[in-house]
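Have a look at model_28.cif; it's mmCIF, C-alpha atoms and all ligand atoms:
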```
data_model
loop_
_atom_site.label_atom_id
_atom_site.label_comp_id
_atom_site.auth_asym_id
_atom_site.auth_seq_id
_atom_site.Cartn_x
_atom_site.Cartn_y
_atom_site.Cartn_z
CA MET A 11 22.62 4.75 -56.04
CA SER A 12 21.80 2.42 -53.14
CA ASP A 13 21.63 5.10 -50.44
CA TYR A 14 19.23 7.26 -52.47
CA ILE A 15 15.94 7.79 -50.62
CA PRO A 16 13.10 8.22 -53.14
CA TYR A 17 10.11 10.43 -52.27
CA GLY A 18 7.86 7.40 -52.49
CA ARG A 19 8.14 3.69 -53.07
CA GLN A 20 6.29 0.43 -52.55
CA LYS A 21 6.67 -1.90 -49.58
CA ILE A 22 6.49 -5.51 -50.76
CA SER A 23 6.77 -8.47 -48.36
CA ASP A 24 6.96 -12.23 -48.81
CA ASP A 25 3.19 -12.63 -48.44
CA ASP A 26 2.67 -10.22 -51.35
CA VAL A 27 5.07 -12.28 -53.48
CA ASP A 28 3.31 -15.51 -52.48
CA ALA A 29 -0.10 -14.05 -53.40
CA VAL A 30 1.14 -13.06 -56.85
CA VAL A 31 2.76 -16.44 -57.45
CA GLU A 32 -0.48 -18.17 -56.50
CA ALA A 33 -2.37 -16.04 -59.05
CA LEU A 34 0.22 -16.87 -61.70
CA ARG A 35 -0.32 -20.59 -61.10
CA SER A 36 -4.14 -20.28 -61.19
CA ASP A 37 -6.52 -20.67 -64.14
CA TYR A 38 -7.11 -16.95 -64.60
CA LEU A 39 -4.46 -14.31 -65.22
CA THR A 40 -7.08 -11.64 -65.92
CA THR A 41 -10.82 -11.01 -65.47
CA GLY A 42 -10.97 -13.93 -63.05
CA PRO A 43 -12.04 -14.38 -59.42
CA LYS A 44 -9.32 -12.17 -57.91
CA VAL A 45 -10.78 -9.07 -59.56
CA LYS A 46 -14.17 -9.54 -57.87
CA GLU A 47 -12.53 -10.50 -54.59
CA PHE A 48 -10.39 -7.35 -54.62
CA GLU A 49 -13.38 -5.17 -55.51
CA ARG A 50 -15.43 -6.66 -52.63
CA ALA A 51 -12.62 -6.32 -50.10
CA PHE A 52 -11.93 -2.74 -51.18
CA ALA A 53 -15.62 -1.76 -51.07
CA GLU A 54 -15.87 -3.21 -47.58
CA LYS A 55 -12.71 -1.42 -46.45
CA VAL A 56 -13.98 2.04 -47.46
CA GLY A 57 -17.63 1.23 -46.67
CA ALA A 58 -18.92 1.73 -50.23
CA GLU A 59 -21.65 -0.32 -51.91
CA ASN A 60 -19.70 -0.69 -55.15
CA ALA A 61 -16.08 -0.73 -56.22
CA VAL A 62 -14.91 -1.10 -59.82
CA ALA A 63 -11.27 -2.07 -60.41
CA VAL A 64 -9.46 -0.72 -63.47
CA SER A 65 -5.95 -0.56 -64.91
CA SER A 66 -4.86 2.78 -63.40
CA GLY A 67 -5.93 5.82 -61.42
CA THR A 68 -6.17 7.69 -64.70
CA ALA A 69 -8.53 5.03 -66.10
CA ALA A 70 -10.56 5.38 -62.88
CA LEU A 71 -10.90 9.14 -63.44
CA HIS A 72 -11.78 8.60 -67.11
CA ALA A 73 -14.44 6.02 -66.19
CA ALA A 74 -15.90 8.41 -63.59
CA VAL A 75 -16.13 11.28 -66.08
CA TYR A 76 -17.69 8.89 -68.62
CA ALA A 77 -20.23 7.46 -66.16
CA LEU A 78 -21.47 10.96 -65.31
CA GLY A 79 -22.19 11.55 -68.99
CA ILE A 80 -19.79 14.48 -69.34
CA GLY A 81 -19.15 15.45 -72.94
CA PRO A 82 -18.52 18.34 -75.33
CA GLY A 83 -19.86 21.65 -74.01
CA ASP A 84 -19.72 20.49 -70.38
CA GLU A 85 -17.39 22.14 -67.88
CA VAL A 86 -15.77 20.38 -64.96
CA ILE A 87 -14.08 22.36 -62.18
CA VAL A 88 -10.64 20.93 -61.35
CA PRO A 89 -8.04 22.30 -58.92
CA ALA A 90 -4.90 23.58 -60.66
CA MET A 91 -2.72 21.98 -57.96
CA THR A 92 -2.93 18.34 -59.00
CA PHE A 93 -1.44 15.77 -61.33
CA ALA A 94 -2.31 16.43 -64.98
CA ALA A 95 -4.39 13.22 -65.17
CA THR A 96 -7.17 14.83 -63.08
CA ALA A 97 -7.84 17.37 -65.85
CA ASN A 98 -6.91 15.07 -68.74
CA ALA A 99 -9.76 12.69 -67.83
CA VAL A 100 -12.24 15.50 -68.56
CA VAL A 101 -10.57 16.20 -71.91
CA TYR A 102 -10.72 12.48 -72.89
CA GLN A 103 -14.53 12.72 -72.96
CA GLY A 104 -14.57 16.06 -74.78
CA GLY A 105 -15.39 18.13 -71.67
CA THR A 106 -13.65 21.35 -70.66
CA PRO A 107 -11.61 21.48 -67.46
CA VAL A 108 -12.05 24.79 -65.63
CA PHE A 109 -9.12 25.42 -63.31
CA CYS A 110 -9.81 26.43 -59.75
CA ASP A 111 -7.40 27.86 -57.19
CA VAL A 112 -6.50 26.27 -53.84
CA ASP A 113 -6.26 27.36 -50.23
CA PRO A 114 -2.76 28.71 -49.43
CA GLU A 115 -2.47 26.87 -46.10
CA THR A 116 -3.54 23.38 -47.24
CA LEU A 117 -3.39 23.50 -51.07
CA LEU A 118 -6.85 21.90 -51.06
CA ILE A 119 -9.48 23.21 -53.52
CA ASP A 120 -10.76 26.64 -52.44
CA PRO A 121 -14.58 26.53 -52.21
CA ALA A 122 -14.85 30.32 -52.71
CA ASP A 123 -12.98 30.14 -56.01
CA MET A 124 -15.01 27.06 -56.93
CA VAL A 125 -18.20 29.13 -56.61
CA ARG A 126 -16.64 31.86 -58.77
CA LYS A 127 -15.87 29.31 -61.49
CA LEU A 128 -19.44 27.93 -61.69
CA THR A 129 -21.33 28.58 -64.93
CA PRO A 130 -24.57 27.16 -66.36
CA ARG A 131 -22.36 24.65 -68.21
CA THR A 132 -20.72 23.28 -65.04
CA LYS A 133 -21.53 19.57 -64.84
CA ALA A 134 -19.22 18.40 -62.07
CA VAL A 135 -16.44 19.25 -59.64
CA VAL A 136 -13.37 17.12 -59.02
CA SER A 137 -11.96 17.59 -55.53
CA VAL A 138 -8.41 16.39 -54.94
CA ASP A 139 -7.43 15.28 -51.42
CA TYR A 140 -4.01 16.80 -51.91
CA ALA A 141 -1.16 15.09 -50.03
CA GLY A 142 -3.68 12.72 -48.40
CA GLN A 143 -5.80 15.21 -46.48
CA PRO A 144 -9.56 15.11 -47.19
CA CYS A 145 -10.97 18.41 -48.53
CA ASN A 146 -13.70 20.35 -46.70
CA TYR A 147 -16.44 18.06 -47.97
CA ASP A 148 -19.18 19.65 -45.85
CA ILE A 149 -18.75 22.95 -47.73
CA ILE A 150 -18.19 21.27 -51.12
CA GLU A 151 -21.27 19.05 -50.70
CA ASN A 152 -23.42 22.09 -49.99
CA ILE A 153 -22.24 23.75 -53.17
CA VAL A 154 -22.72 20.74 -55.46
CA ASP A 155 -26.13 19.93 -53.91
CA GLN A 156 -27.32 23.49 -54.37
CA GLU A 157 -26.09 23.58 -57.99
CA ASP A 158 -27.28 20.02 -58.68
CA ILE A 159 -23.92 19.01 -60.12
CA ALA A 160 -21.88 15.86 -59.54
CA LEU A 161 -18.86 15.46 -57.28
CA ILE A 162 -15.88 13.26 -58.11
CA SER A 163 -13.27 12.90 -55.41
CA ASP A 164 -9.81 12.26 -56.81
CA SER A 165 -8.77 10.27 -53.74
CA CYS A 166 -5.53 9.00 -55.25
CA HIS A 167 -3.61 10.44 -52.25
CA SER A 168 -6.09 9.86 -49.46
CA LEU A 169 -6.93 6.14 -49.41
CA GLY A 170 -7.16 5.23 -45.71
CA ALA A 171 -8.11 8.72 -44.48
CA VAL A 172 -11.32 9.55 -42.60
CA TYR A 173 -13.40 12.75 -42.62
CA PHE A 174 -15.83 13.28 -39.70
CA GLU A 175 -16.08 9.50 -39.22
CA ARG A 176 -16.76 8.96 -42.93
CA ASN A 177 -14.10 7.07 -44.87
CA VAL A 178 -12.57 8.49 -48.00
CA GLY A 179 -14.47 6.62 -50.72
CA MET A 180 -17.81 7.67 -49.21
CA LEU A 181 -17.44 11.43 -49.59
CA ALA A 182 -18.47 11.96 -53.23
CA ASP A 183 -20.68 10.48 -55.94
CA LEU A 184 -17.60 8.75 -57.31
CA SER A 185 -14.21 8.40 -55.60
CA THR A 186 -11.17 7.41 -57.63
CA PHE A 187 -8.03 5.68 -56.40
CA SER A 188 -4.63 4.76 -57.83
CA PHE A 189 -2.48 1.78 -56.95
CA HIS A 190 0.65 3.01 -58.70
CA ALA A 191 3.82 1.91 -56.92
CA VAL A 192 4.26 5.17 -54.96
CA LYS A 193 0.66 5.36 -53.69
CA ASN A 194 -0.61 4.31 -50.24
CA MET A 195 -0.87 0.70 -51.42
CA THR A 196 0.04 -0.79 -54.77
CA THR A 197 -0.83 -3.25 -57.52
CA GLY A 198 2.09 -2.00 -59.68
CA GLU A 199 -0.35 -0.08 -61.86
CA GLY A 200 -4.04 -0.10 -61.04
CA GLY A 201 -7.04 1.91 -59.98
CA MET A 202 -10.49 1.74 -58.40
CA ILE A 203 -13.70 3.73 -58.37
CA ALA A 204 -15.90 3.56 -55.26
CA SER A 205 -19.56 4.56 -55.43
CA GLN A 206 -22.89 4.07 -53.71
CA ASP A 207 -24.62 4.14 -57.10
CA LYS A 208 -25.17 0.75 -58.71
CA THR A 209 -26.09 2.17 -62.12
CA LEU A 210 -22.89 4.20 -62.34
CA ALA A 211 -20.90 1.14 -61.26
CA ARG A 212 -22.50 -0.97 -63.99
CA LYS A 213 -21.68 1.68 -66.60
CA MET A 214 -18.04 1.76 -65.51
CA ARG A 215 -17.79 -2.06 -65.61
CA ALA A 216 -18.84 -1.98 -69.25
CA PHE A 217 -16.60 1.01 -69.96
CA ARG A 218 -13.48 -0.83 -68.77
CA ASN A 219 -14.36 -3.69 -71.14
CA HIS A 220 -14.82 -1.94 -74.53
CA GLY A 221 -18.40 -0.93 -73.68
CA ILE A 222 -19.47 -4.57 -73.61
CA GLY A 223 -21.97 -5.36 -70.87
CA VAL A 224 -20.93 -8.88 -69.87
CA ASP A 225 -17.44 -10.31 -69.53
CA HIS A 226 -16.22 -13.59 -70.99
CA ARG A 227 -16.79 -15.53 -67.75
CA ALA A 228 -20.43 -14.46 -67.51
CA ARG A 229 -20.89 -15.42 -71.17
CA SER A 230 -19.39 -18.85 -70.77
CA LYS A 231 -21.52 -19.44 -67.65
CA ARG A 232 -24.63 -18.66 -69.67
CA GLY A 233 -23.42 -20.91 -72.49
CA THR A 234 -23.56 -18.26 -75.19
CA PHE A 235 -21.14 -16.53 -77.53
CA PHE A 236 -23.42 -13.53 -77.87
CA TYR A 237 -22.49 -10.09 -76.61
CA GLU A 238 -23.30 -6.54 -77.54
CA MET A 239 -21.18 -3.44 -77.45
CA THR A 240 -23.66 -0.79 -76.42
CA ASP A 241 -21.32 2.19 -76.02
CA LEU A 242 -17.72 3.05 -76.81
CA GLY A 243 -15.43 1.79 -74.07
CA PHE A 244 -11.77 0.93 -73.60
CA ASN A 245 -9.63 -1.92 -72.42
CA TYR A 246 -9.10 -0.61 -68.88
CA ARG A 247 -9.15 -4.06 -67.27
CA ILE A 248 -6.88 -5.00 -64.39
CA THR A 249 -5.30 -8.45 -64.13
CA ASP A 250 -5.85 -11.14 -61.50
CA ILE A 251 -2.11 -10.98 -60.86
CA GLN A 252 -2.44 -7.33 -59.87
CA CYS A 253 -5.59 -7.90 -57.84
CA ALA A 254 -3.89 -10.72 -55.90
CA LEU A 255 -1.23 -8.17 -54.93
CA GLY A 256 -3.94 -5.62 -54.15
CA LEU A 257 -5.74 -8.03 -51.80
CA SER A 258 -2.53 -8.72 -49.96
CA GLN A 259 -1.57 -5.02 -49.77
CA LEU A 260 -5.04 -3.96 -48.63
CA LYS A 261 -4.61 -6.01 -45.45
CA LYS A 262 -1.57 -3.90 -44.61
CA LEU A 263 -2.98 -0.52 -45.55
CA ASP A 264 -3.68 0.62 -41.98
CA GLY A 265 -0.12 -0.22 -40.94
CA PHE A 266 1.27 1.63 -43.97
CA ILE A 267 -0.75 4.74 -43.07
CA ARG A 268 0.36 4.58 -39.40
CA ARG A 269 3.99 4.43 -40.49
CA ARG A 270 3.45 7.41 -42.82
CA GLN A 271 1.90 9.33 -39.91
CA THR A 272 4.88 8.50 -37.67
CA ILE A 273 7.29 9.80 -40.32
CA ALA A 274 5.16 12.95 -40.68
CA SER A 275 5.37 13.59 -36.90
CA ARG A 276 9.14 13.29 -37.02
CA TYR A 277 9.22 15.87 -39.84
CA ASP A 278 6.82 18.15 -37.93
CA ALA A 279 9.22 18.09 -34.97
CA ALA A 280 12.27 18.76 -37.15
CA LEU A 281 10.56 21.69 -38.92
CA ALA A 282 9.76 23.37 -35.60
CA GLY A 283 13.49 24.18 -35.49
CA ILE A 284 13.81 25.41 -39.09
CA SER A 285 12.74 29.04 -39.48
CA ASN A 286 12.55 29.24 -43.29
CA ALA A 287 10.55 26.09 -43.99
CA LYS A 288 7.08 25.19 -42.81
CA PRO A 289 4.70 22.28 -43.31
CA LEU A 290 1.22 22.64 -44.81
CA ALA A 291 -1.67 23.08 -42.39
CA VAL A 292 -3.52 20.04 -41.07
CA LEU A 293 -7.25 20.58 -40.58
CA PRO A 294 -9.33 19.27 -37.65
CA ASP A 295 -11.96 16.49 -37.72
CA ARG A 296 -10.17 14.29 -40.22
CA THR A 297 -7.23 11.95 -40.46
CA HIS A 298 -4.44 12.58 -42.95
CA ALA A 299 -3.22 9.62 -45.03
CA ARG A 300 0.16 11.34 -45.50
CA HIS A 301 0.72 10.30 -49.10
CA LEU A 302 2.96 13.35 -49.50
CA TYR A 303 4.76 15.46 -46.93
CA VAL A 304 4.90 18.92 -48.47
CA ILE A 305 6.79 21.88 -47.01
CA ARG A 306 6.94 25.49 -48.16
CA ILE A 307 10.20 27.40 -48.46
CA GLU A 308 9.50 31.02 -49.25
CA LYS A 309 12.98 31.81 -50.55
CA GLY A 310 15.48 29.41 -52.07
CA ARG A 311 13.31 26.36 -52.74
CA ASN A 312 15.31 25.50 -55.86
CA GLU A 313 18.56 25.74 -53.91
CA VAL A 314 17.22 23.46 -51.16
CA PHE A 315 15.93 21.05 -53.83
CA SER A 316 19.35 20.82 -55.54
CA LYS A 317 21.30 20.48 -52.28
CA MET A 318 19.03 17.70 -51.03
CA ARG A 319 19.07 15.84 -54.35
CA ALA A 320 22.89 16.08 -54.37
CA ALA A 321 22.87 14.50 -50.90
CA GLY A 322 20.80 11.54 -52.18
CA ILE A 323 17.43 12.68 -50.84
CA GLY A 324 14.71 12.22 -53.47
CA VAL A 325 12.80 15.42 -52.84
CA ASN A 326 10.25 16.39 -55.48
CA VAL A 327 7.75 19.07 -56.45
CA HIS A 328 4.04 18.15 -56.50
CA TYR A 329 2.82 19.66 -58.76
CA ILE A 330 3.51 21.87 -61.73
CA PRO A 331 0.15 23.72 -61.94
CA VAL A 332 -1.84 21.89 -64.62
CA HIS A 333 -2.96 25.06 -66.40
CA LEU A 334 0.68 26.02 -67.01
CA HIS A 335 1.45 22.93 -69.08
CA PRO A 336 1.94 23.87 -72.75
CA TYR A 337 -0.94 21.61 -73.82
CA TYR A 338 -3.46 23.51 -71.70
CA GLN A 339 -1.99 26.91 -72.50
CA SER A 340 -2.24 26.30 -76.24
CA LYS A 341 -5.47 24.27 -76.37
CA TYR A 342 -7.49 25.85 -73.54
CA LYS A 343 -5.91 29.34 -73.58
CA THR A 344 -4.90 29.15 -69.92
CA SER A 345 -2.03 31.34 -68.79
CA PRO A 346 -0.08 32.46 -65.70
CA GLY A 347 -2.26 34.53 -63.38
CA LEU A 348 -5.29 32.24 -63.70
CA CYS A 349 -4.71 30.58 -60.30
CA PRO A 350 -2.35 32.87 -58.36
CA VAL A 351 -2.32 30.94 -55.07
CA THR A 352 -1.41 27.71 -56.88
CA GLU A 353 1.28 29.49 -58.90
CA LYS A 354 2.89 31.06 -55.82
CA ALA A 355 2.82 27.69 -54.04
CA TYR A 356 4.49 26.08 -57.04
CA ASP A 357 7.56 28.27 -56.45
CA GLU A 358 7.81 27.28 -52.79
CA ILE A 359 6.72 23.64 -52.34
CA LEU A 360 8.96 20.67 -51.78
CA SER A 361 7.90 17.07 -51.09
CA LEU A 362 10.08 15.20 -48.60
CA PRO A 363 10.45 11.42 -48.91
CA ILE A 364 7.65 9.57 -47.12
CA HIS A 365 6.85 5.88 -47.49
CA PRO A 366 6.52 2.88 -45.16
CA SER A 367 9.79 1.27 -46.20
CA MET A 368 11.83 4.22 -44.84
CA THR A 369 13.87 3.32 -41.77
CA ASP A 370 14.25 5.51 -38.68
CA SER A 371 17.78 6.27 -39.81
CA ASP A 372 16.48 7.35 -43.25
CA ILE A 373 14.13 9.80 -41.51
CA GLY A 374 16.99 11.18 -39.42
CA ARG A 375 19.10 11.62 -42.52
CA VAL A 376 16.35 13.53 -44.36
CA CYS A 377 15.91 15.82 -41.32
CA ARG A 378 19.65 16.57 -41.07
CA VAL A 379 20.10 17.24 -44.79
CA LEU A 380 16.96 19.44 -44.80
CA ALA A 381 18.18 21.49 -41.82
CA ASP A 382 21.60 21.99 -43.45
CA ALA A 383 20.15 22.93 -46.84
CA CYS A 384 17.69 25.40 -45.25
CA ARG A 385 20.46 26.97 -43.15
CA GLU A 386 22.51 27.57 -46.30
CA ALA A 387 19.48 28.99 -48.11
CA ARG A 388 19.07 31.57 -45.28
CA LYS A 389 22.55 32.96 -45.85
C1 LIG A 401 -1.37 9.13 -59.13
C2 LIG A 401 -2.44 10.11 -59.38
C3 LIG A 401 -3.30 10.00 -60.48
C4 LIG A 401 -3.09 8.99 -61.58
O1 LIG A 401 -3.01 7.69 -61.17
P1 LIG A 401 -2.27 6.61 -62.11
O2 LIG A 401 -2.56 5.31 -61.42
O3 LIG A 401 -0.82 6.95 -62.11
O4 LIG A 401 -2.87 6.69 -63.45
C5 LIG A 401 -4.32 10.91 -60.60
N1 LIG A 401 -4.51 11.89 -59.71
C6 LIG A 401 -3.70 12.05 -58.65
C7 LIG A 401 -3.96 13.15 -57.68
C8 LIG A 401 -2.64 11.17 -58.45
O5 LIG A 401 -1.81 11.35 -57.42
#
```

Would you kindly transcribe this structure into structure tokens?
Amino acid sequence: MSDYIPYGRQKISDDDVDAVVEALRSDYLTTGPKVKEFERAFAEKVGAENAVAVSSGTAALHAAVYALGIGPGDEVIVPAMTFAATANAVVYQGGTPVFCDVDPETLLIDPADMVRKLTPRTKAVVSVDYAGQPCNYDIIENIVDQEDIALISDSCHSLGAVYFERNVGMLADLSTFSFHAVKNMTTGEGGMIASQDKTLARKMRAFRNHGIGVDHRARSKRGTFFYEMTDLGFNYRITDIQCALGLSQLKKLDGFIRRRQTIASRYDAALAGISNAKPLAVLPDRTHARHLYVIRIEKGRNEVFSKMRAAGIGVNVHYIPVHLHPYYQSKYKTSPGLCPVTEKAYDEILSLPIHPSMTDSDIGRVCRVLADACREARK
């Protein structure tokens, strides 16, 4: 359907295509110079000392959990309102995700519930900058400092956002990013971990390469075949083809975010005239990267969803609370009632399309269809 407006999609221009073609014609398709170049450019962009590029946002989360030494018996607090991968990464290393509720206005992790979920086994917290808005890191930092536990920021939504003049990527021990096609910039599939800690970065570099400390280029430079696998790792490498696209996309990130913010303002204005739908709250002292534009419809969300989908608007629901997935219910004995704010939100939320390749006329169409669908839901 050509007039279907998806909730998210990439914006690829000729310079992106040229960059990828150049990589394809070069000597290295993977683990070559583009990987390092992308890592350096990304680290500089967010202001971090280290950036480690991997094959996906999920691999980034897994590497972060690994680098912190989380294993069996360790608990990691994770908000229930997120994509399943946030919790799965803890499970991959044998840790236990402990689900935490969110604030009803923002759907960001609720620090009060976080404190309630702390136990002597808590090893880390994962904060999720839901929809692209940085969490209340001042409060979260106080808690993790006091408890002497680690903080991972799942920043898959918030690349490009700023919190009290600190960039996302600088707000936690480890910050993870995704470059999936719908994210704020893309490499097709891909991910990154930003950190100020060189030792953690070195661990994650080995982890993405089977647990082997040096890559093939370093070996050939030293004129040796010898290598040692010192820990169990994975093949989580990213290709030079992808990093060439990443370098090209990174240059346009600020423009992408500005366009997302413009679309968000248009939606804000439209919602002012719709009594039964309201946007999530935006907090002061931070910018919002506007990865998602989420509204709440107290009654008739499913009806509005169906009407908008039927009209070719790719609305979506982010997310099904992670603790309600059958895997977690059966394996971790989670059940409805565990995170009531998240569960109530799940019945009411709807993500409107938002991405830089939307035209002004696309935005107008979404607003009209939304207003009509909400009017019918009021009847
Ligand atoms: C997209 C996303 C991920 C996973 O990233 P992939 O690159 O798809 O593996 C993890 N957490 C959140 C919050 C995301 O939005």

Residues up to 7 Å from ligand LIG 401 (chain A), counting only C-alpha atoms and all ligand atoms: could you list those as an mmCIF file with C-alpha atoms, in the coordinates of the input?
```cif
data_model
loop_
_atom_site.group_PDB
_atom_site.id
_atom_site.type_symbol
_atom_site.label_atom_id
_atom_site.label_comp_id
_atom_site.auth_asym_id
_atom_site.auth_seq_id
_atom_site.Cartn_x
_atom_site.Cartn_y
_atom_site.Cartn_z
ATOM 1 C CA SER A 66 -4.860 2.780 -63.400
ATOM 2 C CA GLY A 67 -5.930 5.820 -61.420
ATOM 3 C CA THR A 68 -6.170 7.690 -64.700
ATOM 4 C CA ALA A 69 -8.530 5.030 -66.100
ATOM 5 C CA THR A 92 -2.930 18.340 -59.000
ATOM 6 C CA PHE A 93 -1.440 15.770 -61.330
ATOM 7 C CA ALA A 95 -4.390 13.220 -65.170
ATOM 8 C CA THR A 96 -7.170 14.830 -63.080
ATOM 9 C CA VAL A 138 -8.410 16.390 -54.940
ATOM 10 C CA TYR A 140 -4.010 16.800 -51.910
ATOM 11 C CA ASP A 164 -9.810 12.260 -56.810
ATOM 12 C CA SER A 165 -8.770 10.270 -53.740
ATOM 13 C CA CYS A 166 -5.530 9.000 -55.250
ATOM 14 C CA HIS A 167 -3.610 10.440 -52.250
ATOM 15 C CA SER A 188 -4.630 4.760 -57.830
ATOM 16 C CA PHE A 189 -2.480 1.780 -56.950
ATOM 17 C CA HIS A 190 0.650 3.010 -58.700
ATOM 18 C CA LYS A 193 0.660 5.360 -53.690
ATOM 19 C CA GLU A 199 -0.350 -0.080 -61.860
ATOM 20 C CA GLY A 200 -4.040 -0.100 -61.040
ATOM 21 C CA GLY A 201 -7.040 1.910 -59.980
#
```

(request) Give the answer as one residue: which of A:Leu117, A:Ala291, A:Ile273, A:Ala228 has the shortest atom-to-atom distance to A:Thr369, using all atoms listed in the file? (result) A:Ile273

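When all atoms listed in the file are used to measure the gap to A:Val101, the shortest distance among A:Gly83, A:Gly283, A:Pro289, A:Pro16 belongs to A:Gly83.
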
(message) I'd like the neighbourhood of A:Leu302 as a list in words, where a residue qualifies if any of its atoms comes within 9 Å (using only C-alpha atoms), though same-chain residues fewer than 6 positions away should be ignored.
(response)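 Counting only C-alpha atoms, the residues come to Tyr17, Gly18, Tyr140, Ala141, Gly142, His167, Arg270, His328, Ser361, Leu362, Pro363, Ile364 and His365 of chain A.
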
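Distances from A:Ala160, A:Ala254, A:Met180, A:Ala216 to A:Arg35 were compared using all atoms listed in the file, and the smallest one belongs to A:Ala254.
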
For A:Val62, list every protein, DNA or RNA residue within 10 Å, evaluated using all atoms listed in the file, and leave out those in the same chain fewer than 2 positions away; present the list as a PDB file with C-alpha atoms, keeping the file's coordinate frame.
```pdb
ATOM      1  CA  VAL A  45     -10.780  -9.070 -59.560  1.00  0.00           C
ATOM      2  CA  LYS A  46     -14.170  -9.540 -57.870  1.00  0.00           C
ATOM      3  CA  PHE A  48     -10.390  -7.350 -54.620  1.00  0.00           C
ATOM      4  CA  GLU A  49     -13.380  -5.170 -55.510  1.00  0.00           C
ATOM      5  CA  ARG A  50     -15.430  -6.660 -52.630  1.00  0.00           C
ATOM      6  CA  PHE A  52     -11.930  -2.740 -51.180  1.00  0.00           C
ATOM      7  CA  ALA A  53     -15.620  -1.760 -51.070  1.00  0.00           C
ATOM      8  CA  ASN A  60     -19.700  -0.690 -55.150  1.00  0.00           C
ATOM      9  CA  VAL A  64      -9.460  -0.720 -63.470  1.00  0.00           C
ATOM     10  CA  ALA A  70     -10.560   5.380 -62.880  1.00  0.00           C
ATOM     11  CA  ALA A  73     -14.440   6.020 -66.190  1.00  0.00           C
ATOM     12  CA  THR A 186     -11.170   7.410 -57.630  1.00  0.00           C
ATOM     13  CA  GLY A 201      -7.040   1.910 -59.980  1.00  0.00           C
ATOM     14  CA  MET A 202     -10.490   1.740 -58.400  1.00  0.00           C
ATOM     15  CA  ILE A 203     -13.700   3.730 -58.370  1.00  0.00           C
ATOM     16  CA  ALA A 204     -15.900   3.560 -55.260  1.00  0.00           C
ATOM     17  CA  SER A 205     -19.560   4.560 -55.430  1.00  0.00           C
ATOM     18  CA  LEU A 210     -22.890   4.200 -62.340  1.00  0.00           C
ATOM     19  CA  ALA A 211     -20.900   1.140 -61.260  1.00  0.00           C
ATOM     20  CA  ARG A 212     -22.500  -0.970 -63.990  1.00  0.00           C
ATOM     21  CA  LYS A 213     -21.680   1.680 -66.600  1.00  0.00           C
ATOM     22  CA  MET A 214     -18.040   1.760 -65.510  1.00  0.00           C
ATOM     23  CA  ARG A 215     -17.790  -2.060 -65.610  1.00  0.00           C
ATOM     24  CA  ARG A 218     -13.480  -0.830 -68.770  1.00  0.00           C
ATOM     25  CA  ARG A 247      -9.150  -4.060 -67.270  1.00  0.00           C
TER      26      ARG A 247
END
```

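Comparing A:Met124, A:Ala29, A:Leu380, A:Val224 by their smallest distance to A:Ile284, the closest is A:Leu380 (using all atoms listed in the file).
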
Model the absent atoms of stretch 362-370 of chain A so that N, CA, C and O atoms are present, and write the result as a JSON list (two decimals), keeping the file's coordinate frame.
```json
[["chain", "number", "residue", "atom", "x", "y", "z"],
["A", 362, "LEU", "N", 9.03, 16.01, -49.23],
["A", 362, "LEU", "CA", 10.08, 15.20, -48.60],
["A", 362, "LEU", "C", 9.74, 13.72, -48.78],
["A", 362, "LEU", "O", 8.57, 13.37, -48.88],
["A", 363, "PRO", "N", 10.74, 12.86, -48.78],
["A", 363, "PRO", "CA", 10.45, 11.42, -48.91],
["A", 363, "PRO", "C", 9.53, 10.95, -47.79],
["A", 363, "PRO", "O", 9.72, 11.34, -46.63],
["A", 364, "ILE", "N", 8.52, 10.18, -48.14],
["A", 364, "ILE", "CA", 7.65, 9.57, -47.12],
["A", 364, "ILE", "C", 7.05, 8.30, -47.69],
["A", 364, "ILE", "O", 6.35, 8.32, -48.69],
["A", 365, "HIS", "N", 7.41, 7.18, -47.09],
["A", 365, "HIS", "CA", 6.85, 5.88, -47.49],
["A", 365, "HIS", "C", 7.20, 4.86, -46.42],
["A", 365, "HIS", "O", 8.19, 5.02, -45.71],
["A", 366, "PRO", "N", 6.37, 3.80, -46.31],
["A", 366, "PRO", "CA", 6.52, 2.88, -45.16],
["A", 366, "PRO", "C", 7.82, 2.09, -45.15],
["A", 366, "PRO", "O", 8.17, 1.53, -44.11],
["A", 367, "SER", "N", 8.54, 2.04, -46.28],
["A", 367, "SER", "CA", 9.79, 1.27, -46.20],
["A", 367, "SER", "C", 10.98, 2.13, -45.74],
["A", 367, "SER", "O", 12.10, 1.63, -45.67],
["A", 368, "MET", "N", 10.73, 3.40, -45.40],
["A", 368, "MET", "CA", 11.83, 4.22, -44.84],
["A", 368, "MET", "C", 12.16, 3.74, -43.42],
["A", 368, "MET", "O", 11.27, 3.45, -42.63],
["A", 369, "THR", "N", 13.44, 3.71, -43.12],
["A", 369, "THR", "CA", 13.87, 3.32, -41.77],
["A", 369, "THR", "C", 13.96, 4.58, -40.90],
["A", 369, "THR", "O", 13.96, 5.70, -41.41],
["A", 370, "ASP", "N", 14.08, 4.37, -39.59],
["A", 370, "ASP", "CA", 14.25, 5.51, -38.68],
["A", 370, "ASP", "C", 15.52, 6.28, -39.05],
["A", 370, "ASP", "O", 15.55, 7.51, -38.95]]
```
